[in-house]
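The structure file final_15.csv is reproduced below (CSV, C-alpha atoms).
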```
chain,number,residue,atom,x,y,z
Y,11,MET,CA,-15.2,1.8,-9.6
Y,12,THR,CA,-11.8,2.6,-8.0
Y,13,HIS,CA,-9.6,-0.5,-7.6
Y,14,ILE,CA,-6.8,-0.8,-5.0
Y,15,LEU,CA,-4.0,-3.4,-5.1
Y,16,ILE,CA,-3.1,-4.5,-1.5
Y,17,VAL,CA,0.4,-6.0,-1.3
Y,18,GLU,CA,0.7,-7.1,2.3
Y,19,ASP,CA,2.0,-10.4,3.7
Y,20,GLU,CA,0.3,-10.1,7.2
Y,21,PRO,CA,-3.1,-11.8,6.8
Y,22,LYS,CA,-4.9,-10.1,9.7
Y,23,LEU,CA,-3.7,-6.6,8.6
Y,24,ALA,CA,-4.6,-7.3,5.0
Y,25,HIS,CA,-8.1,-8.4,6.0
Y,26,LEU,CA,-8.6,-5.3,8.1
Y,27,ILE,CA,-7.5,-3.1,5.2
Y,28,GLU,CA,-10.0,-4.9,3.0
Y,29,GLN,CA,-12.8,-4.3,5.4
Y,30,TYR,CA,-12.1,-0.5,5.6
Y,31,LEU,CA,-11.7,-0.2,1.8
Y,32,ALA,CA,-15.0,-2.1,1.3
Y,33,ARG,CA,-16.8,0.4,3.5
Y,34,GLU,CA,-15.7,3.1,1.1
Y,35,ALA,CA,-16.9,1.1,-1.9
Y,36,TYR,CA,-13.4,0.4,-3.3
Y,37,GLU,CA,-12.7,-2.7,-5.2
Y,38,PHE,CA,-9.5,-4.5,-4.2
Y,39,THR,CA,-7.1,-7.4,-4.9
Y,40,HIS,CA,-4.8,-8.8,-2.2
Y,41,ILE,CA,-1.4,-10.2,-3.0
Y,42,ALA,CA,0.8,-11.6,-0.2
Y,43,ASP,CA,3.9,-12.6,-2.1
Y,44,GLY,CA,6.1,-10.0,-3.8
Y,45,SER,CA,7.0,-12.3,-6.7
Y,46,GLU,CA,3.4,-12.4,-7.8
Y,47,VAL,CA,2.9,-8.6,-8.0
Y,48,MET,CA,4.5,-7.8,-11.5
Y,49,PRO,CA,2.8,-10.7,-13.3
Y,50,TRP,CA,-0.6,-9.5,-11.9
Y,51,PHE,CA,0.2,-5.9,-12.6
Y,52,ASN,CA,1.1,-6.6,-16.2
Y,53,GLN,CA,-2.2,-8.3,-16.8
Y,54,ASN,CA,-4.6,-6.1,-14.8
Y,55,LYS,CA,-5.6,-2.5,-14.1
Y,56,THR,CA,-5.6,-0.9,-10.7
Y,57,ASP,CA,-5.8,2.8,-9.6
Y,58,LEU,CA,-3.5,2.7,-6.5
Y,59,ILE,CA,-1.1,0.3,-4.9
Y,60,LEU,CA,-0.6,-0.2,-1.1
Y,61,LEU,CA,2.9,-1.7,-1.0
Y,62,ASP,CA,4.5,-3.2,2.0
Y,63,LEU,CA,8.3,-2.9,2.2
Y,64,ASN,CA,9.1,-6.3,3.7
Y,65,LEU,CA,7.6,-9.1,1.5
Y,66,PRO,CA,8.4,-12.7,0.7
Y,67,GLY,CA,9.5,-13.4,-2.8
Y,68,LYS,CA,10.4,-9.8,-3.8
Y,69,ASP,CA,10.8,-6.8,-1.5
Y,70,GLY,CA,8.8,-3.5,-1.8
Y,71,LEU,CA,11.9,-1.5,-2.9
Y,72,THR,CA,12.4,-3.6,-5.9
Y,73,LEU,CA,8.7,-3.7,-6.8
Y,74,CYS,CA,8.5,0.1,-6.5
Y,75,ARG,CA,11.4,0.5,-9.0
Y,76,GLU,CA,9.9,-1.9,-11.4
Y,77,ILE,CA,6.4,-0.4,-11.3
Y,78,ARG,CA,7.8,3.2,-11.7
Y,79,ALA,CA,9.8,2.0,-14.7
Y,80,LYS,CA,6.4,1.3,-16.4
Y,81,ASN,CA,4.1,4.1,-15.2
Y,82,ASN,CA,3.3,6.7,-12.6
Y,83,ILE,CA,0.5,4.8,-10.8
Y,84,PRO,CA,0.0,6.1,-7.2
Y,85,ILE,CA,1.9,4.0,-4.6
Y,86,ILE,CA,1.6,4.2,-0.9
Y,87,MET,CA,4.4,2.3,0.8
Y,88,THR,CA,4.2,0.9,4.3
Y,89,THR,CA,6.9,-0.4,6.7
Y,90,ALA,CA,7.3,-1.6,10.2
Y,91,ARG,CA,10.4,0.4,11.0
Y,92,VAL,CA,10.8,4.1,11.2
Y,93,ASP,CA,14.5,4.0,10.1
Y,94,GLU,CA,13.3,2.3,6.9
Y,95,LEU,CA,11.3,5.4,6.1
Y,96,ASP,CA,14.5,7.4,6.0
Y,97,ARG,CA,16.0,4.9,3.6
Y,98,LEU,CA,12.9,5.1,1.3
Y,99,LEU,CA,13.0,8.9,1.3
Y,100,GLY,CA,16.7,8.9,0.7
Y,101,LEU,CA,16.4,6.7,-2.3
Y,102,GLU,CA,13.6,8.8,-3.7
Y,103,LEU,CA,11.8,5.9,-5.3
Y,104,GLY,CA,8.9,8.0,-6.2
Y,105,ALA,CA,6.2,6.6,-3.9
Y,106,ASP,CA,3.4,9.1,-3.3
Y,107,ASP,CA,3.1,8.6,0.4
Y,108,TYR,CA,4.5,6.5,3.3
Y,109,LEU,CA,3.0,4.9,6.4
Y,110,CYS,CA,4.8,3.4,9.3
Y,111,LYS,CA,3.3,0.4,11.1
Y,112,PRO,CA,1.3,0.2,13.3
Y,113,TYR,CA,-1.1,2.7,11.6
Y,114,SER,CA,-4.8,3.4,11.9
Y,115,PRO,CA,-6.9,1.9,9.1
Y,116,ARG,CA,-8.8,5.2,9.1
Y,117,GLU,CA,-5.6,7.1,8.5
Y,118,LEU,CA,-4.7,4.7,5.6
Y,119,VAL,CA,-8.1,5.3,4.0
Y,120,ALA,CA,-7.6,9.0,4.4
Y,121,ARG,CA,-4.2,8.8,2.7
Y,122,VAL,CA,-5.7,6.7,-0.1
Y,123,LYS,CA,-8.4,9.3,-0.7
Y,124,ALA,CA,-5.9,12.2,-0.6
Y,125,VAL,CA,-3.5,10.6,-3.1
Y,126,LEU,CA,-6.4,9.7,-5.5
Y,127,ARG,CA,-7.7,13.2,-5.3
Y,128,ARG,CA,-4.3,14.6,-6.3
Y,129,VAL,CA,-3.7,12.3,-9.2
Y,130,GLN,CA,-7.3,12.4,-10.5
Y,131,GLN,CA,-7.4,16.2,-10.5
Y,132,PRO,CA,-7.9,17.5,-14.1
Y,133,GLN,CA,-4.6,18.5,-15.7
Y,134,ASP,CA,-5.9,22.0,-16.6
Y,135,ALA,CA,-7.2,22.6,-13.1
Y,136,VAL,CA,-4.7,24.9,-11.4
Y,137,PRO,CA,-5.3,25.6,-7.7
Y,138,THR,CA,-5.6,29.3,-6.9
Y,139,ASN,CA,-4.0,29.2,-3.5
Y,140,LEU,CA,-0.6,27.7,-4.4
Y,141,PRO,CA,2.3,29.9,-3.2
Y,142,VAL,CA,3.6,32.3,-5.8
Y,143,PHE,CA,7.4,32.9,-5.5
Y,144,ASN,CA,9.3,36.1,-6.2
Y,145,GLU,CA,13.0,35.2,-6.4
Y,146,ASP,CA,14.2,38.8,-6.5
Y,147,GLN,CA,12.5,39.9,-3.3
Y,148,LEU,CA,12.5,36.5,-1.5
Y,149,SER,CA,8.8,36.9,-1.0
Y,150,VAL,CA,5.8,34.7,-1.4
Y,151,THR,CA,2.2,35.5,-2.1
Y,152,ILE,CA,-0.5,33.2,-0.8
Y,153,ASN,CA,-4.2,33.9,-1.4
Y,154,GLY,CA,-3.2,37.5,-2.3
Y,155,SER,CA,-1.3,38.1,0.9
Y,156,LEU,CA,2.4,38.8,0.8
Y,157,LEU,CA,5.0,37.5,3.3
Y,158,SER,CA,8.7,38.3,3.4
Y,159,LEU,CA,11.0,35.4,4.1
Y,160,THR,CA,14.7,34.9,4.9
Y,161,SER,CA,16.7,33.2,2.2
Y,162,VAL,CA,16.6,29.9,4.2
Y,163,GLU,CA,12.9,30.1,4.7
Y,164,TYR,CA,12.3,30.9,1.1
Y,165,ALA,CA,14.5,27.9,0.0
Y,166,LEU,CA,12.6,25.6,2.4
Y,167,LEU,CA,9.2,26.6,1.2
Y,168,LYS,CA,10.1,26.5,-2.5
Y,169,ARG,CA,11.6,23.0,-2.0
Y,170,LEU,CA,8.4,21.8,-0.3
Y,171,ALA,CA,6.2,23.4,-2.9
Y,172,GLU,CA,7.9,21.6,-5.8
Y,173,HIS,CA,5.7,18.5,-5.0
Y,174,PRO,CA,2.9,19.4,-2.6
Y,175,GLY,CA,1.9,16.3,-0.5
Y,176,ARG,CA,5.3,14.7,-1.0
Y,177,ILE,CA,7.4,14.0,2.2
Y,178,TYR,CA,10.8,15.4,2.4
Y,179,SER,CA,13.3,14.1,4.9
Y,180,ARG,CA,15.4,16.6,7.0
Y,181,ASP,CA,18.5,15.6,5.0
Y,182,GLN,CA,16.8,16.4,1.8
Y,183,LEU,CA,15.7,19.8,3.1
Y,184,MET,CA,19.2,20.5,4.4
Y,185,ASP,CA,20.7,19.7,1.0
Y,186,SER,CA,18.4,22.1,-0.7
Y,187,ILE,CA,19.1,25.1,1.5
Y,188,TYR,CA,22.8,24.6,2.3
Y,189,ASN,CA,24.8,24.3,-0.9
Y,190,ASP,CA,28.1,24.0,1.0
Y,191,HIS,CA,27.0,20.7,2.6
Y,192,ARG,CA,27.7,21.9,6.1
Y,193,VAL,CA,26.9,19.7,9.0
Y,194,VAL,CA,23.5,20.9,10.4
Y,195,ASN,CA,21.6,19.5,13.4
Y,196,ASP,CA,18.1,18.3,12.8
Y,197,ARG,CA,16.9,20.8,15.3
Y,198,THR,CA,18.1,23.6,13.0
Y,199,ILE,CA,15.7,22.5,10.3
Y,200,ASP,CA,12.9,22.2,12.8
Y,201,SER,CA,13.6,25.7,14.0
Y,202,HIS,CA,13.4,27.1,10.5
Y,203,ILE,CA,10.2,25.2,9.9
Y,204,LYS,CA,8.7,26.5,13.1
Y,205,LYS,CA,9.5,30.1,12.1
Y,206,LEU,CA,8.2,29.6,8.6
Y,207,ARG,CA,4.9,28.1,9.9
Y,208,ARG,CA,4.4,31.2,12.0
Y,209,LYS,CA,4.8,33.5,8.9
Y,210,LEU,CA,2.4,31.3,6.9
Y,211,GLU,CA,-0.2,31.3,9.7
Y,212,ALA,CA,0.0,35.1,9.8
Y,213,VAL,CA,-1.5,35.2,6.3
Y,214,ASP,CA,-3.6,32.1,6.5
Y,215,SER,CA,-4.4,31.0,10.1
Y,216,ASP,CA,-6.4,27.9,9.0
Y,217,GLY,CA,-3.9,26.8,6.3
Y,218,ASP,CA,-1.9,24.1,8.1
Y,219,TRP,CA,0.6,24.6,5.2
Y,220,ILE,CA,3.5,22.6,6.5
Y,221,GLN,CA,2.7,19.2,8.0
Y,222,SER,CA,4.9,17.0,10.1
Y,223,VAL,CA,5.2,13.3,9.3
Y,224,TYR,CA,6.4,11.3,12.3
Y,225,GLY,CA,9.7,9.7,11.8
Y,226,ALA,CA,9.9,10.9,8.2
Y,227,GLY,CA,10.0,14.7,7.7
Y,228,TYR,CA,7.8,17.4,6.4
Y,229,ARG,CA,5.5,18.0,3.5
Y,230,LEU,CA,3.5,20.9,2.1
Y,231,LYS,CA,-0.2,20.3,2.2
Y,232,ASN,CA,-1.8,19.1,-1.0
Y,233,THR,CA,-4.0,22.0,-2.1
```

When written as structure tokens, how does the structure in this file appear?
Amino acid sequence: MTHILIVEDEPKLAHLIEQYLAREAYEFTHIADGSEVMPWFNQNKTDLILLDLNLPGKDGLTLCREIRAKNNIPIIMTTARVDELDRLLGLELGADDYLCKPYSPRELVARVKAVLRRVQQPQDAVPTNLPVFNEDQLSVTINGSLLSLTSVEYALLKRLAEHPGRIYSRDQLMDSIYNDHRVVNDRTIDSHIKKLRRKLEAVDSDGDWIQSVYGAGYRLKNT
């Protein structure tokens, strides 16, 4: 049975999470103090960690680093402040997903399922609908359909496709498409994303390829 480690210091929220995970037949362990996480982690097995950023004893950033130094177990980080999401993304700690409080327990469960599906996918199973990039022609093929892109759109899509499901902040996307580090307004990235979405929808109207994550950035759907 799949086990989830809940690292959350708010008792009511932790209890609510436990109720929703139990409905999905997940096993779980709850730890409220950050200093107790690594001793437990070193002695027990879990399949995914729900990790709050602000914890007594030891904060989530430190814990994420320590866990990542040992293995690539899936981590979903949560925080009560939107600006902290930008900090997390900028540090690129390697969390698989991020949620900003307050969040819906149903959304949390959906994120848990999505992350577990991604990591439990057999290594030799290659999705057939991933974008195929042609560097010489700045074109992309999706499901057999070809779309031509500008150099900026091509760079954006390629960056997002490096890790489907991973959230990229606007700053990270800017750095990947503008090598001269020019100052670019956030709206510029949003405009490029909007145009890129239209082109993707032209070849796959039901694809929802590029997803917005409120207060954090964008990600390519996990196929």

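Between CA of Asn52 in chain Y and CA of Arg75 in chain Y the interatomic distance comes to 14.4 Å.
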
Exercise for review: Choose the residue, out of Y:Glu28, Y:Asp43, Y:Asp62, Y:Glu211, that has the smallest atom-to-atom separation from Ala105 in chain Y; count all atoms listed in the file.
Suggested key: Y:Asp62

Exercise for review: With a distance cut-off of 9 Å and all atoms listed in the file, select the neighbouring residues of Glu34 in chain Y, excluding the residue or stretch itself and same-chain residues fewer than 3 positions from it, and output the selection as a list of chain:residue names.
Suggested key: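 Result of the neighbour search: Y:Tyr30, Y:Leu31, Y:Val119.
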
Point to revise | Separation of CA of Leu60 in chain Y from CA of Tyr108 in chain Y in Å | key: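 CA of Leu60 in chain Y lies 9.5 Å from CA of Tyr108 in chain Y.
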
Point to revise | Test item: residues at most 10 Å from Leu166 in chain Y, all atoms listed in the file, excluding those fewer than 3 positions along its chain, as a PyMOL selection string | key: chain Y and resi 160-163+169-171+183-184+186-187+199+202-203+206

Point to revise | 8 Å contact set for Thr39 in chain Y, all atoms listed in the file, chain neighbours under 6 positions out, as a list in words | key: His13, Ile14, Leu15 and Ile16 of chain Y

Check your understanding: Which is closer to Ile85 in chain Y than all the others in Y:Val125, Y:Arg116, Y:Pro66, Y:Thr12, using all atoms listed in the file?
Key -> Y:Val125
